[in-house]
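Here the structure is laid out as structure tokens; the discussion comes afterwards.
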Amino acid sequence: MAPIIEKIAQALHLPHKDSKKGESAPPATSHAPAPAAAGSAPAADAPKTQVFDSSKVTVIFVLGGPGAGKGTQCDKLVREFDFCHLSAGDLLRAEQNREKSEYGELIRTYIKEGQIVPMEITIKLLENAMRAALAEGRAGEGWAEGKGRFLIDGFPRKMDQALKFDEEVCQSSLVLFFTTTEEVMLKRLLKRGETSGREDDNEESIKKRFRTYKETTMPVIEHYNKQGKVASIDASPSIDEVYEKASAVIKELFAGTLNRNVTV
Ligand code: UDP
Ligand code: MG
């Protein structure tokens with residue numbers, strides 16, 4: 001049977017590149033099925049360079065608990081700074097609903113259970129979307145001569161994703177980290193659930209998502225903290241108040257004057 005990475009690449013219509021040996025298999029929970037043949041791929045042809053050149057392509061990860069306001073703030077940042085906004089969750093939901101996708105059911109189960117979808121799928125979807133945006137040759141600041149700027153929202157949520165993306169896809173520049181209490185997040189998510197139609201905006205799924213966030217995503221924040229890459233923003237106030245701070249951080253990043261590992 002073909003290794004999982006190869007099957008995924010085929011399903012997503014991407015050229016297959018072997019992954020490195022020793023990568024962890026996707027999480028298998030009692031509820032979520034692990035994809036078949038999650039064995040390690042041969043290391044011989046492992047890529048030594050990243051897919052995108054980080055001197056041309058700026059990648060900012062946007063993290064924070066479910067309902068912290070990542071998507072809302074990203075929408076505003078796109079308008080001011082000409083970013084391409086890629087939400088990992090949205091890309092997964094689009095793949096889930098794609099008629100010919102063989103991963104639809106798998107993705108649906110992981111999302112409902114608040115679990116992290118096997119990283120190969122999410123990373124390929126992101127890589128695909130980045131490539132498309134760069135090929136499109138967008139207008140706007142930061143997009144001339146093969147350059148581009150991306151807000152990657154809701155990713156990486158697990159250490160394996162973070163390490164693989166930085167090493168093989170593109171070295172990230174910054175983590176914008178939106179923090180607030182579970183109480184605030186729960187309130188926002190239940191409100192959103194009234195109209196979002198999302199299968200995970202219900203109390204049961206939300207509790208599971210909070211747990212995954214604490215246990216699996218917080219170590220990612222710690223990892224980037226050690227690298228001095230995190231700008232933390234209190235996401236409890238109003239949308240405009242939070243945005244003022246987020247916008248100031250991005251301005252400083254592009255001006256080269258940002259102090260990392262700061263709380264603003
Ligand atoms: N998800 C995932 N890997 C990722 C990002 C998201 O598996 O890298 C899944 C995960 O199950 C998560 C769900 O998608 O709970 C919803 O993510 P989204 O970012 O849309 O949620 P938000 O943070 O906006 O509430
Ligand atoms: Mg979101």
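Following the order of the structure tokens, chains are lettered A, B, ..., residues in each are numbered from 1, and ligands are numbered from 1.
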Residue contacts of region 184-199 of chain A (8 Å, only C-alpha atoms) excluding same-chain residues fewer than 3 positions away, as a PyMOL selection string:
chain A and resi 65-68+111-112+180-181+202-203+206+236
Neighbours of ligand 1 at 7 Å or closer, counting only C-alpha atoms and all ligand atoms: which residues, as a ChimeraX atom specification?
/A:65-67,70-71,87-90,92,110-119,122,153-157,209
DSSP strand (DSSP E) selection over region 86-167 of chain A, as a ChimeraX atom specification
/A:86-87,148-153
May I have the residues from that selection written out with N, CA and C atoms, as a PDB file, in the first residue's frame?
```
ATOM      1  N   LEU A  86      -4.980  32.654   4.870  1.00  0.00           N
ATOM      2  CA  LEU A  86      -5.311  31.231   4.711  1.00  0.00           C
ATOM      3  C   LEU A  86      -5.688  30.662   6.067  1.00  0.00           C
ATOM      4  N   SER A  87      -6.951  30.290   6.202  1.00  0.00           N
ATOM      5  CA  SER A  87      -7.396  29.651   7.441  1.00  0.00           C
ATOM      6  C   SER A  87      -7.299  28.142   7.252  1.00  0.00           C
ATOM      7  N   GLY A 148       5.505  37.555  -1.548  1.00  0.00           N
ATOM      8  CA  GLY A 148       4.130  37.402  -1.056  1.00  0.00           C
ATOM      9  C   GLY A 148       4.110  37.454   0.457  1.00  0.00           C
ATOM     10  N   ARG A 149       2.937  37.735   1.008  1.00  0.00           N
ATOM     11  CA  ARG A 149       2.788  37.763   2.470  1.00  0.00           C
ATOM     12  C   ARG A 149       1.515  37.026   2.885  1.00  0.00           C
ATOM     13  N   PHE A 150       1.687  36.138   3.832  1.00  0.00           N
ATOM     14  CA  PHE A 150       0.586  35.246   4.204  1.00  0.00           C
ATOM     15  C   PHE A 150       0.298  35.293   5.700  1.00  0.00           C
ATOM     16  N   LEU A 151      -0.997  35.333   6.001  1.00  0.00           N
ATOM     17  CA  LEU A 151      -1.451  35.115   7.377  1.00  0.00           C
ATOM     18  C   LEU A 151      -1.984  33.698   7.415  1.00  0.00           C
ATOM     19  N   ILE A 152      -1.355  32.857   8.169  1.00  0.00           N
ATOM     20  CA  ILE A 152      -1.815  31.471   8.258  1.00  0.00           C
ATOM     21  C   ILE A 152      -2.518  31.307   9.601  1.00  0.00           C
ATOM     22  N   ASP A 153      -3.828  31.196   9.510  1.00  0.00           N
ATOM     23  CA  ASP A 153      -4.720  31.321  10.665  1.00  0.00           C
ATOM     24  C   ASP A 153      -5.123  29.940  11.192  1.00  0.00           C
TER      25      ASP A 153
END
```
Tell me, which residues of region 43-180 of chain A carry DSSP helix (DSSP H, G or I), written as number ranges by chain?
A: 70-81, 88-97, 104-112, 119-136, 159-169
Have a look at A:Leu91, A:Val175, A:Ala248, A:Ala235 and name the one nearest to ligand 2; count only C-alpha atoms and all ligand atoms.
A:Leu91
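Counting from CA of Ser238 (chain A), the distance to CA of Arg79 (chain A) is 18.4 Å.
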